[in-house]
Amino acid sequence: MGQLNVCVVGSGYVGLVTGTCLAEIGHSVVCVDSDKKKLASLKAGHVPIYEPGLPELFRKNVKNGRLTFAASVHEGMEHKGRRAKLVFIAVGTPPRHDGSADLSAVEKVAEEVAQNLKDYTILIDKSTVPVETGEWVAKTVARINKKKVPCDVVSNPEFLSEGSAVQDFLKPDRIVLGVTSSRAEKVMRELYAPIKAPVVVTDVKSAELIKHASNSFLATKISYINAVAALCEKVGADVSQVAHGMGLDRRIGPMFLRPGIGFGGFCFPKDLEAFYWIAKQKGLDFQLLKAVKDINEQQKAWVMRRVEESLWNLEGKTVALLGLAFKPNTDDLRFAPAIDIVRMLQERKVKVRATDPVALEHAKHNPALKGVTFCKDAYECAKGADAMALVTEWSDYKDLDFKKLAKLMHNPLLLDGRNLYDPVKLRKLGFTYHSVGRP
């Protein structure tokens, strides 16, 4: 396999991980970003996102010259005389108010690539996009590509989980290629040849649907077990035992059967909304997806319900939150359950204190968290608190000194929103302890 020249447009989470990992497997990669401040930071050797394992690969491949940066699509496609044969679209596709995806950035990249075509190029949708986006990208290229330079559009969805993205890229469960020609398939197989994983080749529309269908199904598993947890609380059963018994069935499996206070992040909520919107546009009322969303929203209120049940009058009382990021091993606050929990508590005039091992700096600049007192660690956070809620199950919080925490708190009430702790142990230490779906 030879080294391929690759341009990745967009140096956000998906683009930077994709570009760095493609360089790691031997390709020459140029990452493009129009944000001058971010570009300067990248060129200075700084990784702007928190992702375990990424900084080491980033520095290694910048040093060996396989990973470089550019300010425009033109520069990225023609970097130092090395013309890119493959151009990845890895720009943001944020949700609109109606749940649809804003694809204006995707269209802009398609236009700029079309303006810079000189010989055969593969334009690859890496961003999460709704079905039929590939058709629109191809139409956009054809409209501008007056000289009819050969160009194939490919759908190559990403399946990167924040906190394990590098491993997800280099050791994936599968690589999905939505193609329209054998020529594009051949080049894409060559690109990914160093990665040993099943390659699923489909038409473009099917590849686009695989991404949304996968994330929506995983979200469904989470909401399902959270609904089961709610029933367990009503009847006095233990959802951890129920989930274990379910997960041993090979048809079901244990993954994503972890009850808690709901899912967040930029993938599941956004993709769920987009998938529902797509179906609705085609005349299909995908009611299951709406139920998944509704259950997730209800689950975010679990902390609020428990606080109300335990503390009687809430105004002026203090609740400490352990964790703000939507999951461990990331600093991402987008659609994090903590945001909604803070809003609900503040609406009842509760004083909110919070800490997080990684996301504090982002949190301090997040307008949705205005009025929150940010603390350096769990012990500072607990001081004088009437209740403490585990929101993000960071490993930092697993082995805390709970005797010390109980003494620091005004009232040792612990709400375990991720079922991280042993109920018997915590109650023996003097805590009033509640977890999700466990007695």
# chains A, B, ... in the order shown; residues from 1 in each chain; ligands from 1
call {"tool": "residues_around", "arguments": {"residues": "Arg66 (chain A)", "least_positions_apart": "5", "cutoff": "7 Å", "atoms": "only C-alpha atoms", "output": "compact mmCIF listing (two decimals) with N, CA and C atoms, in the first residue's frame"}}
result
# COMPACT_ATOMS: atom_id res chain seq x y z
N ALA A 23 -2.88 9.84 9.42
CA ALA A 23 -1.43 10.06 9.37
C ALA A 23 -0.70 8.93 10.09
N HIS A 27 -0.47 7.81 5.95
CA HIS A 27 -0.83 8.73 4.87
C HIS A 27 -0.34 10.15 5.15
N SER A 28 -0.29 10.95 4.10
CA SER A 28 0.08 12.36 4.22
C SER A 28 -1.20 13.16 4.33
N VAL A 29 -1.40 13.82 5.47
CA VAL A 29 -2.68 14.45 5.77
C VAL A 29 -2.52 15.94 6.02
N ASN A 61 3.06 12.64 14.61
CA ASN A 61 2.86 12.76 13.17
C ASN A 61 3.09 14.17 12.65
call {"tool": "closest_atom_pairs", "arguments": {"of": "region 186-304 of chain A", "to": "region 98-120 of chain A", "cutoff": "10 Å", "atoms": "only C-alpha atoms", "output": "JSON lines"}}
result
{"residue": "A:Pro269", "atom": "CA", "partner": "A:Gly99", "partner_atom": "CA", "distance": 9.6}
{"residue": "A:Lys270", "atom": "CA", "partner": "A:Gly99", "partner_atom": "CA", "distance": 7.4}
{"residue": "A:Asp271", "atom": "CA", "partner": "A:Ala101", "partner_atom": "CA", "distance": 8.8}
{"residue": "A:Leu272", "atom": "CA", "partner": "A:Gly99", "partner_atom": "CA", "distance": 8.7}
{"residue": "A:Glu273", "atom": "CA", "partner": "A:Gly99", "partner_atom": "CA", "distance": 5.0}
{"residue": "A:Ala274", "atom": "CA", "partner": "A:Ser100", "partner_atom": "CA", "distance": 5.1}
{"residue": "A:Phe275", "atom": "CA", "partner": "A:Ser100", "partner_atom": "CA", "distance": 8.4}
{"residue": "A:Tyr276", "atom": "CA", "partner": "A:Gly99", "partner_atom": "CA", "distance": 7.9}
{"residue": "A:Trp277", "atom": "CA", "partner": "A:Ser100", "partner_atom": "CA", "distance": 5.9}
{"residue": "A:Ile278", "atom": "CA", "partner": "A:Ser100", "partner_atom": "CA", "distance": 7.5}
{"residue": "A:Gln281", "atom": "CA", "partner": "A:Ser100", "partner_atom": "CA", "distance": 9.8}
call {"tool": "residues_around", "arguments": {"residues": "region 318-329 of chain A", "least_positions_apart": "4", "cutoff": "8 Å", "atoms": "only C-alpha atoms", "output": "MDAnalysis selection string"}}
result
chainID A and resid 50:52 162:163 263:265 333:339 350:360 363 378 381:382 384:395 397
call {"tool": "write_last_selection", "arguments": {"atoms": "N, CA and C atoms", "output": "tab-separated table (two decimals), in the first residue's frame"}}
result
chain	number	residue	atom	x	y	z
A	50	TYR	N	-9.93	17.50	24.49
A	50	TYR	CA	-9.45	16.49	25.43
A	50	TYR	C	-9.85	15.13	24.89
A	51	GLU	N	-8.87	14.33	24.54
A	51	GLU	CA	-9.12	12.98	24.06
A	51	GLU	C	-7.91	12.12	24.39
A	52	PRO	N	-8.07	11.15	25.29
A	52	PRO	CA	-6.93	10.31	25.69
A	52	PRO	C	-6.23	9.67	24.50
A	162	GLU	N	-16.37	9.62	22.25
A	162	GLU	CA	-15.47	10.50	22.98
A	162	GLU	C	-14.92	9.75	24.19
A	163	GLY	N	-13.63	9.86	24.38
A	163	GLY	CA	-12.95	9.14	25.45
A	163	GLY	C	-12.24	7.89	24.97
A	263	PHE	N	-28.69	10.07	28.70
A	263	PHE	CA	-27.54	10.27	27.81
A	263	PHE	C	-27.47	11.72	27.35
A	264	GLY	N	-26.26	12.12	26.97
A	264	GLY	CA	-26.05	13.47	26.45
A	264	GLY	C	-24.99	13.42	25.37
A	265	GLY	N	-24.23	14.52	25.26
A	265	GLY	CA	-23.21	14.60	24.21
A	265	GLY	C	-23.78	15.13	22.92
A	333	LEU	N	-19.33	19.40	27.07
A	333	LEU	CA	-20.52	19.75	27.84
A	333	LEU	C	-21.77	19.81	26.97
A	334	ARG	N	-21.62	19.55	25.67
A	334	ARG	CA	-22.76	19.68	24.77
A	334	ARG	C	-23.86	18.67	25.12
A	335	PHE	N	-25.05	19.17	25.36
A	335	PHE	CA	-26.21	18.36	25.73
A	335	PHE	C	-25.95	17.50	26.98
A	336	ALA	N	-25.03	17.92	27.82
A	336	ALA	CA	-24.73	17.16	29.04
A	336	ALA	C	-25.92	17.22	29.99
A	337	PRO	N	-26.30	16.10	30.61
A	337	PRO	CA	-27.39	16.13	31.59
A	337	PRO	C	-27.16	17.14	32.70
A	338	ALA	N	-25.91	17.40	33.03
A	338	ALA	CA	-25.60	18.38	34.09
A	338	ALA	C	-26.20	19.75	33.80
A	339	ILE	N	-26.23	20.13	32.53
A	339	ILE	CA	-26.78	21.44	32.16
A	339	ILE	C	-28.24	21.54	32.58
A	350	VAL	N	-31.99	26.83	44.36
A	350	VAL	CA	-30.97	26.03	45.04
A	350	VAL	C	-29.60	26.57	44.68
A	351	LYS	N	-28.71	26.61	45.64
A	351	LYS	CA	-27.32	26.99	45.38
A	351	LYS	C	-26.58	25.77	44.83
A	352	VAL	N	-25.95	25.92	43.69
A	352	VAL	CA	-25.31	24.78	43.04
A	352	VAL	C	-23.80	24.93	43.07
A	353	ARG	N	-23.13	23.90	43.57
A	353	ARG	CA	-21.68	23.81	43.51
A	353	ARG	C	-21.34	22.64	42.60
A	354	ALA	N	-20.23	22.72	41.87
A	354	ALA	CA	-19.90	21.65	40.93
A	354	ALA	C	-18.40	21.52	40.74
A	355	THR	N	-17.99	20.30	40.39
A	355	THR	CA	-16.59	20.05	40.07
A	355	THR	C	-16.52	19.04	38.94
A	356	ASP	N	-15.39	19.00	38.26
A	356	ASP	CA	-15.15	18.04	37.18
A	356	ASP	C	-13.64	17.98	36.96
A	357	PRO	N	-13.08	16.79	36.78
A	357	PRO	CA	-11.62	16.67	36.62
A	357	PRO	C	-11.06	17.36	35.38
A	358	VAL	N	-11.88	17.52	34.35
A	358	VAL	CA	-11.38	18.03	33.07
A	358	VAL	C	-12.18	19.20	32.51
A	359	ALA	N	-13.48	19.22	32.73
A	359	ALA	CA	-14.36	20.16	32.02
A	359	ALA	C	-14.56	21.50	32.72
A	360	LEU	N	-13.88	21.76	33.83
A	360	LEU	CA	-14.13	22.98	34.59
A	360	LEU	C	-13.90	24.25	33.78
A	363	ALA	N	-16.68	24.82	31.54
A	363	ALA	CA	-17.88	25.11	32.33
A	363	ALA	C	-17.92	26.56	32.78
A	378	ALA	N	-13.83	17.16	44.79
A	378	ALA	CA	-15.06	16.70	45.43
A	378	ALA	C	-15.17	17.21	46.87
A	381	CYS	N	-16.16	20.77	47.00
A	381	CYS	CA	-17.53	20.82	46.52
A	381	CYS	C	-18.52	20.40	47.61
A	382	ALA	N	-18.14	19.43	48.41
A	382	ALA	CA	-19.04	18.87	49.42
A	382	ALA	C	-19.21	19.76	50.66
A	384	GLY	N	-20.32	21.87	53.35
A	384	GLY	CA	-21.56	22.56	53.67
A	384	GLY	C	-22.75	22.19	52.81
A	385	ALA	N	-22.62	21.20	51.94
A	385	ALA	CA	-23.70	20.84	51.02
A	385	ALA	C	-24.80	20.07	51.73
A	386	ASP	N	-26.04	20.29	51.28
A	386	ASP	CA	-27.18	19.56	51.81
A	386	ASP	C	-27.41	18.25	51.05
A	387	ALA	N	-26.81	18.15	49.88
A	387	ALA	CA	-26.90	16.91	49.08
A	387	ALA	C	-25.77	16.92	48.07
A	388	MET	N	-25.34	15.73	47.70
A	388	MET	CA	-24.33	15.60	46.66
A	388	MET	C	-24.85	14.61	45.63
A	389	ALA	N	-24.70	14.95	44.34
A	389	ALA	CA	-25.17	14.08	43.27
A	389	ALA	C	-24.02	13.72	42.35
A	390	LEU	N	-23.84	12.44	42.12
A	390	LEU	CA	-22.87	11.99	41.11
A	390	LEU	C	-23.54	12.09	39.75
A	391	VAL	N	-22.98	12.95	38.89
A	391	VAL	CA	-23.56	13.18	37.56
A	391	VAL	C	-22.74	12.49	36.48
A	392	THR	N	-21.41	12.50	36.62
A	392	THR	CA	-20.52	11.88	35.64
A	392	THR	C	-19.61	10.90	36.38
A	393	GLU	N	-19.57	9.65	35.90
A	393	GLU	CA	-18.89	8.59	36.64
A	393	GLU	C	-17.40	8.55	36.36
A	394	TRP	N	-16.71	9.66	36.58
A	394	TRP	CA	-15.26	9.69	36.45
A	394	TRP	C	-14.61	8.70	37.42
A	395	SER	N	-13.52	8.07	37.01
A	395	SER	CA	-12.81	7.15	37.90
A	395	SER	C	-12.28	7.89	39.13
A	397	TYR	N	-13.82	9.70	41.02
A	397	TYR	CA	-14.83	9.75	42.07
A	397	TYR	C	-15.14	8.37	42.66
call {"tool": "closest_atom_pairs", "arguments": {"of": "region 189-243 of chain A", "to": "region 286-310 of chain A", "cutoff": "10 Å", "atoms": "only C-alpha atoms", "output": "tab-separated table"}}
result
residue	atom	partner	partner_atom	distance
A:Ser216	CA	A:Leu289	CA	7.3
A:Phe217	CA	A:Leu289	CA	8.9
A:Ala219	CA	A:Val292	CA	7.0
A:Thr220	CA	A:Val292	CA	5.6
A:Lys221	CA	A:Val292	CA	8.8
A:Ile222	CA	A:Asn296	CA	8.3
A:Ser223	CA	A:Val292	CA	5.6
A:Tyr224	CA	A:Val292	CA	7.6
A:Asn226	CA	A:Gln299	CA	7.2
A:Ala227	CA	A:Ile295	CA	6.9
A:Ala229	CA	A:Gln299	CA	10.0
A:Ala230	CA	A:Gln299	CA	8.9
call {"tool": "residues_around", "arguments": {"residues": "Leu67 (chain A)", "least_positions_apart": "3", "cutoff": "12 Å", "atoms": "only C-alpha atoms", "output": "MDAnalysis selection string"}}
result
chainID A and resid 5:8 11 16:32 42:43 45 57:64 70 76 79
call {"tool": "closest_residue", "arguments": {"among": "A:Gly10, A:Gly283, A:Gly430, A:Pro259", "to": "Asp416 (chain A)", "atoms": "only C-alpha atoms"}}
result
A:Pro259
call {"tool": "select_by_dssp", "arguments": {"residues": "region 111-241 of chain A", "states": "alpha helix (DSSP H)", "output": "ChimeraX atom specification"}}
result
/A:111-115,133-144,165-170,182-191,204-235,239-241
call {"tool": "atom_distance", "arguments": {"atom1": "CA of His244 (chain A)", "atom2": "CA of Val166 (chain A)"}}
result
28.7 Å
call {"tool": "residues_around", "arguments": {"residues": "Pro423 (chain A)", "least_positions_apart": "6", "cutoff": "10 Å", "atoms": "only C-alpha atoms", "output": "number ranges by chain"}}
result
A: 416, 431-435, 438-439
call {"tool": "atom_distance", "arguments": {"atom1": "CA of Leu311 (chain A)", "atom2": "CA of Gly260 (chain A)"}}
result
21.1 Å
call {"tool": "closest_residue", "arguments": {"among": "A:Lys126, A:Arg183, A:Arg174, A:Arg82", "to": "Ile195 (chain A)", "atoms": "only C-alpha atoms"}}
result
A:Arg174
call {"tool": "residues_around", "arguments": {"residues": "Ala40 (chain A)", "least_positions_apart": "6", "cutoff": "10 Å", "atoms": "only C-alpha atoms", "output": "JSON list (two decimals) with C-alpha atoms, in the first residue's frame"}}
result
[["chain", "number", "residue", "atom", "x", "y", "z"],
["A", 33, "ASP", "CA", -9.59, 24.97, 9.47],
["A", 46, "HIS", "CA", -1.50, 22.17, 20.76],
["A", 69, "PHE", "CA", -2.38, 22.24, 8.57],
["A", 70, "ALA", "CA", -3.88, 24.76, 6.16],
["A", 71, "ALA", "CA", -6.28, 27.70, 6.24]]
